[in-house]
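**Student:** As input, take query-v4.pdb (PDB, C-alpha atoms, pLDDT in the B column):
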MODEL        1
ATOM      1  CA  MET A 478       6.609  32.556   4.013  1.00 76.00           C
ATOM      2  CA  SER A 479       6.719  31.277   7.605  1.00 84.00           C
ATOM      3  CA  ASP A 480       6.197  27.642   8.557  1.00 86.00           C
ATOM      4  CA  GLU A 481       2.906  28.591  10.208  1.00 90.00           C
ATOM      5  CA  ALA A 482       1.690  30.360   7.061  1.00 87.00           C
ATOM      6  CA  LEU A 483       2.679  27.379   4.921  1.00 85.00           C
ATOM      7  CA  GLN A 484       0.874  24.992   7.265  1.00 86.00           C
ATOM      8  CA  ALA A 485      -2.248  27.175   7.188  1.00 88.00           C
ATOM      9  CA  ARG A 486      -2.119  27.305   3.387  1.00 85.00           C
ATOM     10  CA  ALA A 487      -1.682  23.541   3.226  1.00 84.00           C
ATOM     11  CA  ALA A 488      -4.700  23.027   5.478  1.00 88.00           C
ATOM     12  CA  ARG A 489      -6.836  25.286   3.235  1.00 87.00           C
ATOM     13  CA  VAL A 490      -5.708  23.559   0.039  1.00 85.00           C
ATOM     14  CA  ILE A 491      -6.374  20.118   1.515  1.00 87.00           C
ATOM     15  CA  ALA A 492      -9.813  21.165   2.787  1.00 90.00           C
ATOM     16  CA  VAL A 493     -10.835  22.466  -0.650  1.00 87.00           C
ATOM     17  CA  ARG A 494      -9.546  19.313  -2.350  1.00 87.00           C
ATOM     18  CA  ASP A 495     -11.196  16.995   0.167  1.00 91.00           C
ATOM     19  CA  ALA A 496     -14.558  18.757  -0.248  1.00 91.00           C
ATOM     20  CA  GLN A 497     -14.665  17.276  -3.783  1.00 89.00           C
ATOM     21  CA  PHE A 498     -14.970  13.804  -2.235  1.00 93.00           C
ATOM     22  CA  THR A 499     -18.720  13.587  -1.739  1.00 93.00           C
ATOM     23  CA  PRO A 500     -20.108  10.632   0.261  1.00 93.00           C
ATOM     24  CA  GLU A 501     -20.335   8.314  -2.759  1.00 93.00           C
ATOM     25  CA  TYR A 502     -16.576   8.737  -3.218  1.00 94.00           C
ATOM     26  CA  ARG A 503     -15.605   8.116   0.401  1.00 93.00           C
ATOM     27  CA  TYR A 504     -13.844   4.864   1.164  1.00 92.00           C
ATOM     28  CA  ALA A 505     -12.669   3.826   4.591  1.00 89.00           C
ATOM     29  CA  PRO A 506      -9.488   1.865   3.931  1.00 87.00           C
ATOM     30  CA  PRO A 507      -8.745  -1.229   5.975  1.00 84.00           C
ATOM     31  CA  TYR A 508      -6.426  -0.821   8.884  1.00 85.00           C
ATOM     32  CA  PRO A 509      -3.646  -1.510   8.707  1.00 88.00           C
ATOM     33  CA  ILE A 510      -3.482  -0.543   5.030  1.00 88.00           C
ATOM     34  CA  PRO A 511      -1.857  -3.388   3.096  1.00 87.00           C
ATOM     35  CA  LEU A 512       1.720  -2.744   2.022  1.00 88.00           C
ATOM     36  CA  ASN A 513       0.733  -3.530  -1.577  1.00 90.00           C
ATOM     37  CA  VAL A 514      -2.448  -1.647  -2.516  1.00 90.00           C
ATOM     38  CA  SER A 515      -2.138  -2.187  -6.270  1.00 90.00           C
ATOM     39  CA  ASN A 516      -5.030  -4.681  -6.362  1.00 91.00           C
ATOM     40  CA  LEU A 517      -7.177  -3.083  -3.675  1.00 92.00           C
ATOM     41  CA  TYR A 518      -9.610  -1.855  -6.336  1.00 93.00           C
ATOM     42  CA  CYS A 519     -10.352  -5.522  -7.091  1.00 94.00           C
ATOM     43  CA  THR A 520     -10.724  -6.706  -3.507  1.00 93.00           C
ATOM     44  CA  SER A 521     -12.169  -3.723  -1.620  1.00 94.00           C
ATOM     45  CA  GLY A 522     -15.814  -4.095  -2.650  1.00 95.00           C
ATOM     46  CA  PHE A 523     -15.799  -0.360  -3.464  1.00 96.00           C
ATOM     47  CA  LEU A 524     -16.087  -1.018  -7.210  1.00 97.00           C
ATOM     48  CA  THR A 525     -18.602  -3.308  -8.881  1.00 98.00           C
ATOM     49  CA  THR A 526     -17.442  -6.207 -11.023  1.00 98.00           C
ATOM     50  CA  ARG A 527     -18.251  -4.187 -14.149  1.00 98.00           C
ATOM     51  CA  GLN A 528     -16.329  -1.160 -12.837  1.00 98.00           C
ATOM     52  CA  ILE A 529     -13.310  -3.373 -12.157  1.00 98.00           C
ATOM     53  CA  GLU A 530     -13.584  -4.679 -15.726  1.00 98.00           C
ATOM     54  CA  ILE A 531     -13.679  -1.103 -17.056  1.00 97.00           C
ATOM     55  CA  VAL A 532     -10.694   0.214 -15.094  1.00 96.00           C
ATOM     56  CA  SER A 533      -8.667  -2.849 -16.071  1.00 96.00           C
ATOM     57  CA  HIS A 534      -8.612  -1.740 -19.727  1.00 96.00           C
ATOM     58  CA  ASP A 535      -5.732   0.170 -21.258  1.00 95.00           C
ATOM     59  CA  ALA A 536      -6.568   3.449 -23.017  1.00 94.00           C
ATOM     60  CA  SER A 537      -6.718   1.943 -26.519  1.00 94.00           C
ATOM     61  CA  SER A 538      -9.011  -0.941 -25.674  1.00 96.00           C
ATOM     62  CA  LEU A 539     -11.171   1.339 -23.535  1.00 96.00           C
ATOM     63  CA  ALA A 540     -11.577   3.825 -26.405  1.00 96.00           C
ATOM     64  CA  GLU A 541     -12.515   0.945 -28.711  1.00 97.00           C
ATOM     65  CA  ALA A 542     -15.082  -0.370 -26.212  1.00 97.00           C
ATOM     66  CA  ILE A 543     -16.644   3.083 -25.884  1.00 97.00           C
ATOM     67  CA  ALA A 544     -16.735   3.493 -29.677  1.00 96.00           C
ATOM     68  CA  ARG A 545     -18.464   0.072 -29.958  1.00 96.00           C
ATOM     69  CA  ARG A 546     -20.837   1.257 -27.208  1.00 96.00           C
ATOM     70  CA  THR A 547     -19.884  -1.557 -24.874  1.00 98.00           C
ATOM     71  CA  TYR A 548     -19.578   1.176 -22.251  1.00 98.00           C
ATOM     72  CA  THR A 549     -20.839   4.748 -22.077  1.00 97.00           C
ATOM     73  CA  SER A 550     -18.516   7.629 -21.296  1.00 96.00           C
ATOM     74  CA  VAL A 551     -20.498   8.253 -18.105  1.00 97.00           C
ATOM     75  CA  GLU A 552     -20.107   4.645 -16.973  1.00 97.00           C
ATOM     76  CA  VAL A 553     -16.375   4.727 -17.679  1.00 97.00           C
ATOM     77  CA  THR A 554     -15.894   8.070 -15.947  1.00 96.00           C
ATOM     78  CA  GLU A 555     -17.831   6.951 -12.863  1.00 96.00           C
ATOM     79  CA  SER A 556     -15.696   3.795 -12.685  1.00 96.00           C
ATOM     80  CA  PHE A 557     -12.448   5.731 -12.865  1.00 95.00           C
ATOM     81  CA  CYS A 558     -13.686   8.309 -10.355  1.00 95.00           C
ATOM     82  CA  ARG A 559     -14.427   5.537  -7.868  1.00 96.00           C
ATOM     83  CA  ALA A 560     -11.052   3.894  -8.495  1.00 95.00           C
ATOM     84  CA  ALA A 561      -9.290   7.250  -8.060  1.00 93.00           C
ATOM     85  CA  ALA A 562     -11.181   7.944  -4.834  1.00 95.00           C
ATOM     86  CA  LEU A 563     -10.168   4.535  -3.491  1.00 94.00           C
ATOM     87  CA  ALA A 564      -6.538   5.131  -4.469  1.00 92.00           C
ATOM     88  CA  HIS A 565      -6.572   8.556  -2.857  1.00 92.00           C
ATOM     89  CA  GLU A 566      -8.106   7.358   0.405  1.00 91.00           C
ATOM     90  CA  THR A 567      -5.325   4.787   0.737  1.00 91.00           C
ATOM     91  CA  THR A 568      -2.331   6.708  -0.641  1.00 90.00           C
ATOM     92  CA  ASN A 569      -3.196  10.460  -0.646  1.00 89.00           C
ATOM     93  CA  CYS A 570      -2.272  10.589  -4.338  1.00 89.00           C
ATOM     94  CA  LEU A 571      -4.552  13.320  -5.692  1.00 89.00           C
ATOM     95  CA  ALA A 572      -3.989  17.044  -5.753  1.00 86.00           C
ATOM     96  CA  TRP A 573      -7.464  17.632  -7.217  1.00 87.00           C
ATOM     97  CA  PHE A 574     -10.539  15.493  -7.816  1.00 90.00           C
ATOM     98  CA  ALA A 575     -13.300  16.643 -10.171  1.00 90.00           C
ATOM     99  CA  PRO A 576     -16.016  13.988 -10.462  1.00 93.00           C
ATOM    100  CA  LYS A 577     -18.863  16.444 -11.037  1.00 93.00           C
ATOM    101  CA  GLU A 578     -17.126  18.192 -13.928  1.00 91.00           C
ATOM    102  CA  ALA A 579     -15.893  14.883 -15.332  1.00 92.00           C
ATOM    103  CA  LEU A 580     -19.380  13.383 -15.322  1.00 95.00           C
ATOM    104  CA  GLU A 581     -20.820  16.493 -16.973  1.00 94.00           C
ATOM    105  CA  ALA A 582     -18.202  16.244 -19.741  1.00 93.00           C
ATOM    106  CA  ALA A 583     -18.867  12.495 -20.103  1.00 96.00           C
ATOM    107  CA  THR A 584     -22.596  13.160 -20.427  1.00 97.00           C
ATOM    108  CA  ALA A 585     -21.889  15.643 -23.229  1.00 96.00           C
ATOM    109  CA  LEU A 586     -19.701  13.053 -24.969  1.00 96.00           C
ATOM    110  CA  ASP A 587     -22.439  10.427 -24.704  1.00 97.00           C
ATOM    111  CA  GLN A 588     -24.963  12.880 -26.124  1.00 97.00           C
ATOM    112  CA  GLU A 589     -22.647  13.678 -29.019  1.00 96.00           C
ATOM    113  CA  MET A 590     -22.130   9.957 -29.691  1.00 96.00           C
ATOM    114  CA  GLU A 591     -25.902   9.464 -29.669  1.00 96.00           C
ATOM    115  CA  ARG A 592     -26.433  12.433 -31.991  1.00 97.00           C
ATOM    116  CA  THR A 593     -23.725  11.626 -34.555  1.00 96.00           C
ATOM    117  CA  GLY A 594     -23.227   7.895 -34.089  1.00 95.00           C
ATOM    118  CA  LYS A 595     -19.462   8.307 -33.895  1.00 94.00           C
ATOM    119  CA  PRO A 596     -16.829   9.270 -31.335  1.00 95.00           C
ATOM    120  CA  VAL A 597     -15.533  12.854 -31.226  1.00 94.00           C
ATOM    121  CA  GLY A 598     -11.937  11.640 -31.395  1.00 95.00           C
ATOM    122  CA  PRO A 599      -9.644   8.686 -30.811  1.00 96.00           C
ATOM    123  CA  LEU A 600      -9.829   9.061 -27.010  1.00 95.00           C
ATOM    124  CA  HIS A 601     -13.595   9.642 -26.840  1.00 96.00           C
ATOM    125  CA  GLY A 602     -14.644   9.197 -23.217  1.00 95.00           C
ATOM    126  CA  VAL A 603     -11.290   7.933 -21.949  1.00 95.00           C
ATOM    127  CA  PRO A 604     -10.640   9.566 -18.548  1.00 93.00           C
ATOM    128  CA  ILE A 605      -7.211  11.039 -17.969  1.00 91.00           C
ATOM    129  CA  SER A 606      -5.289  12.192 -14.957  1.00 90.00           C
ATOM    130  CA  VAL A 607      -2.500  14.714 -15.285  1.00 88.00           C
ATOM    131  CA  LYS A 608       0.296  15.599 -12.920  1.00 88.00           C
ATOM    132  CA  ASP A 609       0.035  18.673 -10.741  1.00 84.00           C
ATOM    133  CA  PHE A 610       2.615  20.660 -12.714  1.00 86.00           C
ATOM    134  CA  ILE A 611       0.534  20.552 -15.922  1.00 88.00           C
ATOM    135  CA  ASN A 612      -1.990  23.370 -16.285  1.00 86.00           C
ATOM    136  CA  VAL A 613      -5.636  22.320 -16.425  1.00 88.00           C
ATOM    137  CA  LYS A 614      -7.944  25.294 -16.859  1.00 89.00           C
ATOM    138  CA  GLY A 615      -9.925  25.986 -13.702  1.00 85.00           C
ATOM    139  CA  TYR A 616      -8.250  23.367 -11.511  1.00 84.00           C
ATOM    140  CA  PRO A 617      -5.987  24.542  -8.674  1.00 80.00           C
ATOM    141  CA  GLN A 618      -2.426  23.359  -8.812  1.00 80.00           C
ATOM    142  CA  SER A 619       0.673  23.549  -6.681  1.00 77.00           C
ATOM    143  CA  ALA A 620       3.384  21.899  -8.797  1.00 76.00           C
ATOM    144  CA  GLY A 621       3.994  19.667  -5.777  1.00 74.00           C
ATOM    145  CA  HIS A 622       4.986  22.459  -3.440  1.00 77.00           C
ATOM    146  CA  ILE A 623       2.705  24.195  -0.971  1.00 77.00           C
ATOM    147  CA  ALA A 624       4.319  27.607  -1.532  1.00 75.00           C
ATOM    148  CA  SER A 625       2.934  27.434  -5.105  1.00 75.00           C
ATOM    149  CA  ALA A 626      -0.521  26.199  -4.085  1.00 77.00           C
ATOM    150  CA  GLY A 627      -3.602  28.040  -5.196  1.00 76.00           C
ATOM    151  CA  LEU A 628      -2.665  28.846  -8.789  1.00 81.00           C
ATOM    152  CA  VAL A 629      -5.744  28.336 -10.959  1.00 85.00           C
ATOM    153  CA  PRO A 630      -4.696  28.344 -14.623  1.00 87.00           C
ATOM    154  CA  GLU A 631      -6.818  30.325 -17.063  1.00 92.00           C
ATOM    155  CA  GLN A 632      -6.002  28.007 -19.940  1.00 94.00           C
ATOM    156  CA  ASP A 633      -5.011  24.405 -20.495  1.00 91.00           C
ATOM    157  CA  ALA A 634      -1.464  23.330 -21.168  1.00 92.00           C
ATOM    158  CA  ASP A 635      -1.041  22.364 -24.828  1.00 95.00           C
ATOM    159  CA  ILE A 636      -1.028  18.638 -24.011  1.00 93.00           C
ATOM    160  CA  VAL A 637      -4.304  18.932 -22.094  1.00 92.00           C
ATOM    161  CA  ALA A 638      -5.888  20.834 -24.998  1.00 93.00           C
ATOM    162  CA  VAL A 639      -4.747  18.117 -27.421  1.00 94.00           C
ATOM    163  CA  LEU A 640      -6.141  15.372 -25.186  1.00 93.00           C
ATOM    164  CA  ARG A 641      -9.483  17.186 -24.848  1.00 91.00           C
ATOM    165  CA  ARG A 642      -9.749  17.616 -28.627  1.00 93.00           C
ATOM    166  CA  ALA A 643      -9.118  13.877 -28.932  1.00 94.00           C
ATOM    167  CA  GLY A 644     -12.158  13.295 -26.706  1.00 93.00           C
ATOM    168  CA  ALA A 645     -10.428  12.535 -23.412  1.00 93.00           C
ATOM    169  CA  GLY A 646     -11.944  13.813 -20.183  1.00 85.00           C
ATOM    170  CA  GLU A 647      -9.933  14.781 -17.127  1.00 75.00           C
ATOM    171  CA  TYR A 648     -11.128  13.727 -13.722  1.00 76.00           C
ATOM    172  CA  THR A 649      -8.125  14.104 -11.443  1.00 79.00           C
ATOM    173  CA  VAL A 650      -4.896  15.971 -11.042  1.00 81.00           C
ATOM    174  CA  SER A 651      -2.401  13.677  -9.387  1.00 86.00           C
ATOM    175  CA  SER A 652       0.131  14.764  -6.831  1.00 80.00           C
ATOM    176  CA  ILE A 653       3.834  14.939  -7.290  1.00 67.00           C
ATOM    177  CA  LEU A 654       5.916  14.391  -4.245  1.00 55.00           C
ATOM    178  CA  SER A 655       7.099  17.610  -2.677  1.00 47.00           C
ATOM    179  CA  LEU A 656       9.757  15.525  -0.977  1.00 41.00           C
ATOM    180  CA  LEU A 657      11.437  15.032  -4.357  1.00 41.00           C
ATOM    181  CA  GLN A 658      11.465  18.770  -4.914  1.00 38.00           C
ATOM    182  CA  GLU A 659      12.813  19.442  -1.426  1.00 41.00           C
ATOM    183  CA  SER A 660      15.488  16.785  -1.941  1.00 38.00           C
ATOM    184  CA  ALA A 661      16.560  18.366  -5.228  1.00 40.00           C
ATOM    185  CA  GLU A 662      16.700  21.828  -3.635  1.00 43.00           C
ATOM    186  CA  SER A 663      18.988  20.586  -0.866  1.00 43.00           C
ATOM    187  CA  ASP A 664      21.516  19.033  -3.283  1.00 44.00           C
TER     188      ASP A 664
ENDMDL
END
In structure tokens, how does this file's structure come out?
**Tutor:**
Amino acid sequence: MSDEALQARAARVIAVRDAQFTPEYRYAPPYPIPLNVSNLYCTSGFLTTRQIEIVSHDASSLAEAIARRTYTSVEVTESFCRAAALAHETTNCLAWFAPKEALEAATALDQEMERTGKPVGPLHGVPISVKDFINVKGYPQSAGHIASAGLVPEQDADIVAVLRRAGAGEYTVSSILSLLQESAESD
């Protein structure tokens, strides 16, 4: 594939990905972007105090808080979607962003919790992000290389299926650096 064809493909893939960032998930990062952005979610004003509290949990304590109904799955998912959008706007770290689908899945989890009074699994409502080389049904992937971009898996990788059965909900597919792949190919 020619350089021009690869650049055109990259532009299409980026445009489709970026269309997932609706206005409520747009963040204009400060300029210049700080060298250390690890605490930007706390200082940006893009997340509420409660959202910062939510995204500061580890997976175990977050699952426990959802099971105790301290937080709803929708509230948790929205918080992580906003944090992911902020991270992406400052570091270009996402290959795919799926807030609509994630919120629909979180709503279903909340409804199931309301109906049964118990979580569907140990990760009920805990959002997950997987790397771009792991198949997530219906989400485009590239395995970190533009020549592979556009593959839309018809089924989940086994690990994604296990996480879903445990009640986790995916909301992003995170990028892997193509530079690492190119470096390995040149060795």
**Student:** To test your reading of the syntax: which residues would the PyMOL selection byres ((chain A and resi 616-623) around 8) return for the file shown? Reply as a PDB file with C-alpha atoms, in the coordinates of the input.
**Tutor:**
ATOM      1  CA  LEU A 483       2.679  27.379   4.921  1.00 85.00           C
ATOM      2  CA  ARG A 486      -2.119  27.305   3.387  1.00 85.00           C
ATOM      3  CA  ALA A 487      -1.682  23.541   3.226  1.00 84.00           C
ATOM      4  CA  ALA A 572      -3.989  17.044  -5.753  1.00 86.00           C
ATOM      5  CA  TRP A 573      -7.464  17.632  -7.217  1.00 87.00           C
ATOM      6  CA  ASP A 609       0.035  18.673 -10.741  1.00 84.00           C
ATOM      7  CA  PHE A 610       2.615  20.660 -12.714  1.00 86.00           C
ATOM      8  CA  ILE A 611       0.534  20.552 -15.922  1.00 88.00           C
ATOM      9  CA  ASN A 612      -1.990  23.370 -16.285  1.00 86.00           C
ATOM     10  CA  VAL A 613      -5.636  22.320 -16.425  1.00 88.00           C
ATOM     11  CA  LYS A 614      -7.944  25.294 -16.859  1.00 89.00           C
ATOM     12  CA  GLY A 615      -9.925  25.986 -13.702  1.00 85.00           C
ATOM     13  CA  ALA A 624       4.319  27.607  -1.532  1.00 75.00           C
ATOM     14  CA  SER A 625       2.934  27.434  -5.105  1.00 75.00           C
ATOM     15  CA  ALA A 626      -0.521  26.199  -4.085  1.00 77.00           C
ATOM     16  CA  GLY A 627      -3.602  28.040  -5.196  1.00 76.00           C
ATOM     17  CA  LEU A 628      -2.665  28.846  -8.789  1.00 81.00           C
ATOM     18  CA  VAL A 629      -5.744  28.336 -10.959  1.00 85.00           C
ATOM     19  CA  PRO A 630      -4.696  28.344 -14.623  1.00 87.00           C
ATOM     20  CA  SER A 652       0.131  14.764  -6.831  1.00 80.00           C
ATOM     21  CA  ILE A 653       3.834  14.939  -7.290  1.00 67.00           C
ATOM     22  CA  LEU A 654       5.916  14.391  -4.245  1.00 55.00           C
ATOM     23  CA  SER A 655       7.099  17.610  -2.677  1.00 47.00           C
ATOM     24  CA  GLN A 658      11.465  18.770  -4.914  1.00 38.00           C
TER      25      GLN A 658
END
**Student:** Suppose a student applies the PyMOL selection byres ((chain A and resi 531-543) around 12) to this structure; what residues should they get, written as a tab-separated table (two decimals) with C-alpha atoms, keeping the file's coordinate frame?
**Tutor:**
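Generated file (expr34.tsv):
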chain	number	residue	atom	x	y	z
A	515	SER	CA	-2.14	-2.19	-6.27
A	516	ASN	CA	-5.03	-4.68	-6.36
A	518	TYR	CA	-9.61	-1.86	-6.34
A	519	CYS	CA	-10.35	-5.52	-7.09
A	524	LEU	CA	-16.09	-1.02	-7.21
A	525	THR	CA	-18.60	-3.31	-8.88
A	526	THR	CA	-17.44	-6.21	-11.02
A	527	ARG	CA	-18.25	-4.19	-14.15
A	528	GLN	CA	-16.33	-1.16	-12.84
A	529	ILE	CA	-13.31	-3.37	-12.16
A	530	GLU	CA	-13.58	-4.68	-15.73
A	544	ALA	CA	-16.74	3.49	-29.68
A	545	ARG	CA	-18.46	0.07	-29.96
A	546	ARG	CA	-20.84	1.26	-27.21
A	547	THR	CA	-19.88	-1.56	-24.87
A	548	TYR	CA	-19.58	1.18	-22.25
A	549	THR	CA	-20.84	4.75	-22.08
A	550	SER	CA	-18.52	7.63	-21.30
A	551	VAL	CA	-20.50	8.25	-18.10
A	552	GLU	CA	-20.11	4.64	-16.97
A	553	VAL	CA	-16.38	4.73	-17.68
A	554	THR	CA	-15.89	8.07	-15.95
A	555	GLU	CA	-17.83	6.95	-12.86
A	556	SER	CA	-15.70	3.80	-12.68
A	557	PHE	CA	-12.45	5.73	-12.86
A	558	CYS	CA	-13.69	8.31	-10.36
A	559	ARG	CA	-14.43	5.54	-7.87
A	560	ALA	CA	-11.05	3.89	-8.49
A	561	ALA	CA	-9.29	7.25	-8.06
A	583	ALA	CA	-18.87	12.50	-20.10
A	586	LEU	CA	-19.70	13.05	-24.97
A	587	ASP	CA	-22.44	10.43	-24.70
A	590	MET	CA	-22.13	9.96	-29.69
A	591	GLU	CA	-25.90	9.46	-29.67
A	594	GLY	CA	-23.23	7.90	-34.09
A	595	LYS	CA	-19.46	8.31	-33.90
A	596	PRO	CA	-16.83	9.27	-31.34
A	597	VAL	CA	-15.53	12.85	-31.23
A	598	GLY	CA	-11.94	11.64	-31.40
A	599	PRO	CA	-9.64	8.69	-30.81
A	600	LEU	CA	-9.83	9.06	-27.01
A	601	HIS	CA	-13.60	9.64	-26.84
A	602	GLY	CA	-14.64	9.20	-23.22
A	603	VAL	CA	-11.29	7.93	-21.95
A	604	PRO	CA	-10.64	9.57	-18.55
A	605	ILE	CA	-7.21	11.04	-17.97
A	606	SER	CA	-5.29	12.19	-14.96
A	643	ALA	CA	-9.12	13.88	-28.93
A	644	GLY	CA	-12.16	13.30	-26.71
A	645	ALA	CA	-10.43	12.54	-23.41
A	646	GLY	CA	-11.94	13.81	-20.18
**Student:** Using only C-alpha atoms, pick whichever of A:Ala562, A:Ala585, A:Ala485, A:Val607 has the shortest atom-to-atom distance to A:Asp633.
**Tutor:**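 Between A:Ala562, A:Ala585, A:Ala485, A:Val607, the residue approaching A:Asp633 most closely is A:Val607.
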**Student:** Mind giving me the straight-line distance from atom CA of A:Phe574 to atom CA of A:Thr649 in Å, one decimal?
**Tutor:**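 For atom CA of A:Phe574 relative to atom CA of A:Thr649, the distance reads 4.6 Å.
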**Student:** Report, in Å to a single decimal, how far apart atom CA of A:Glu566 and atom CA of A:Tyr504 are.
**Tutor:**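 Computing the Euclidean distance for atom CA of A:Tyr504 and atom CA of A:Glu566 yields 6.3 Å.
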**Student:** Given only C-alpha atoms as the basis, pick out the residue of A:Phe523, A:Thr568, A:Gln484, A:Ile491 nearest to A:Pro511.
**Tutor:** A:Thr568
**Student:** Could you check the closest approach to A:Arg641 for each of A:Ala564, A:Lys577, A:Ala582, A:Glu589 and tell me which residue wins, using only C-alpha atoms?
**Tutor:** A:Ala582
**Student:** Would you mind putting back N, CA, C and O atoms on stretch 576-593 of chain A, then writing it out as a PDB file, in the coordinates of the input?
**Tutor:**
ATOM      1  N   PRO A 576     -15.028  14.921  -9.912  1.00 93.00           N
ATOM      2  CA  PRO A 576     -16.016  13.988 -10.462  1.00 93.00           C
ATOM      3  C   PRO A 576     -17.223  14.678 -11.089  1.00 93.00           C
ATOM      4  O   PRO A 576     -17.714  14.227 -12.130  1.00 93.00           O
ATOM      5  N   LYS A 577     -17.686  15.757 -10.498  1.00 93.00           N
ATOM      6  CA  LYS A 577     -18.863  16.444 -11.037  1.00 93.00           C
ATOM      7  C   LYS A 577     -18.592  16.947 -12.450  1.00 93.00           C
ATOM      8  O   LYS A 577     -19.362  16.695 -13.383  1.00 93.00           O
ATOM      9  N   GLU A 578     -17.490  17.662 -12.619  1.00 91.00           N
ATOM     10  CA  GLU A 578     -17.126  18.192 -13.928  1.00 91.00           C
ATOM     11  C   GLU A 578     -16.855  17.069 -14.923  1.00 91.00           C
ATOM     12  O   GLU A 578     -17.234  17.150 -16.093  1.00 91.00           O
ATOM     13  N   ALA A 579     -16.202  16.011 -14.455  1.00 92.00           N
ATOM     14  CA  ALA A 579     -15.893  14.883 -15.332  1.00 92.00           C
ATOM     15  C   ALA A 579     -17.163  14.198 -15.826  1.00 92.00           C
ATOM     16  O   ALA A 579     -17.277  13.844 -17.001  1.00 92.00           O
ATOM     17  N   LEU A 580     -18.120  14.026 -14.928  1.00 95.00           N
ATOM     18  CA  LEU A 580     -19.380  13.383 -15.322  1.00 95.00           C
ATOM     19  C   LEU A 580     -20.203  14.272 -16.248  1.00 95.00           C
ATOM     20  O   LEU A 580     -20.872  13.768 -17.167  1.00 95.00           O
ATOM     21  N   GLU A 581     -20.136  15.578 -16.050  1.00 94.00           N
ATOM     22  CA  GLU A 581     -20.820  16.493 -16.973  1.00 94.00           C
ATOM     23  C   GLU A 581     -20.205  16.394 -18.376  1.00 94.00           C
ATOM     24  O   GLU A 581     -20.927  16.348 -19.377  1.00 94.00           O
ATOM     25  N   ALA A 582     -18.878  16.373 -18.444  1.00 93.00           N
ATOM     26  CA  ALA A 582     -18.202  16.244 -19.741  1.00 93.00           C
ATOM     27  C   ALA A 582     -18.513  14.890 -20.380  1.00 93.00           C
ATOM     28  O   ALA A 582     -18.737  14.806 -21.592  1.00 93.00           O
ATOM     29  N   ALA A 583     -18.553  13.832 -19.580  1.00 96.00           N
ATOM     30  CA  ALA A 583     -18.867  12.495 -20.103  1.00 96.00           C
ATOM     31  C   ALA A 583     -20.294  12.444 -20.641  1.00 96.00           C
ATOM     32  O   ALA A 583     -20.560  11.820 -21.675  1.00 96.00           O
ATOM     33  N   THR A 584     -21.208  13.102 -19.957  1.00 97.00           N
ATOM     34  CA  THR A 584     -22.596  13.160 -20.427  1.00 97.00           C
ATOM     35  C   THR A 584     -22.656  13.844 -21.790  1.00 97.00           C
ATOM     36  O   THR A 584     -23.345  13.367 -22.706  1.00 97.00           O
ATOM     37  N   ALA A 585     -21.925  14.940 -21.943  1.00 96.00           N
ATOM     38  CA  ALA A 585     -21.889  15.643 -23.229  1.00 96.00           C
ATOM     39  C   ALA A 585     -21.307  14.747 -24.320  1.00 96.00           C
ATOM     40  O   ALA A 585     -21.803  14.735 -25.458  1.00 96.00           O
ATOM     41  N   LEU A 586     -20.283  13.982 -23.989  1.00 96.00           N
ATOM     42  CA  LEU A 586     -19.701  13.053 -24.969  1.00 96.00           C
ATOM     43  C   LEU A 586     -20.699  11.971 -25.361  1.00 96.00           C
ATOM     44  O   LEU A 586     -20.814  11.626 -26.542  1.00 96.00           O
ATOM     45  N   ASP A 587     -21.420  11.433 -24.390  1.00 97.00           N
ATOM     46  CA  ASP A 587     -22.439  10.427 -24.704  1.00 97.00           C
ATOM     47  C   ASP A 587     -23.536  11.013 -25.588  1.00 97.00           C
ATOM     48  O   ASP A 587     -24.007  10.360 -26.527  1.00 97.00           O
ATOM     49  N   GLN A 588     -23.937  12.231 -25.310  1.00 97.00           N
ATOM     50  CA  GLN A 588     -24.963  12.880 -26.124  1.00 97.00           C
ATOM     51  C   GLN A 588     -24.478  13.094 -27.552  1.00 97.00           C
ATOM     52  O   GLN A 588     -25.228  12.887 -28.510  1.00 97.00           O
ATOM     53  N   GLU A 589     -23.215  13.479 -27.679  1.00 96.00           N
ATOM     54  CA  GLU A 589     -22.647  13.678 -29.019  1.00 96.00           C
ATOM     55  C   GLU A 589     -22.558  12.345 -29.768  1.00 96.00           C
ATOM     56  O   GLU A 589     -22.850  12.273 -30.960  1.00 96.00           O
ATOM     57  N   MET A 590     -22.190  11.291 -29.080  1.00 96.00           N
ATOM     58  CA  MET A 590     -22.130   9.957 -29.691  1.00 96.00           C
ATOM     59  C   MET A 590     -23.530   9.540 -30.141  1.00 96.00           C
ATOM     60  O   MET A 590     -23.699   8.998 -31.234  1.00 96.00           O
ATOM     61  N   GLU A 591     -24.522   9.804 -29.320  1.00 96.00           N
ATOM     62  CA  GLU A 591     -25.902   9.464 -29.669  1.00 96.00           C
ATOM     63  C   GLU A 591     -26.365  10.279 -30.876  1.00 96.00           C
ATOM     64  O   GLU A 591     -27.021   9.759 -31.771  1.00 96.00           O
ATOM     65  N   ARG A 592     -26.002  11.543 -30.912  1.00 97.00           N
ATOM     66  CA  ARG A 592     -26.433  12.433 -31.991  1.00 97.00           C
ATOM     67  C   ARG A 592     -25.779  12.090 -33.332  1.00 97.00           C
ATOM     68  O   ARG A 592     -26.439  12.040 -34.365  1.00 97.00           O
ATOM     69  N   THR A 593     -24.468  11.834 -33.296  1.00 96.00           N
ATOM     70  CA  THR A 593     -23.725  11.626 -34.555  1.00 96.00           C
ATOM     71  C   THR A 593     -23.470  10.164 -34.892  1.00 96.00           C
ATOM     72  O   THR A 593     -23.157   9.841 -36.031  1.00 96.00           O
TER      73      THR A 593
END
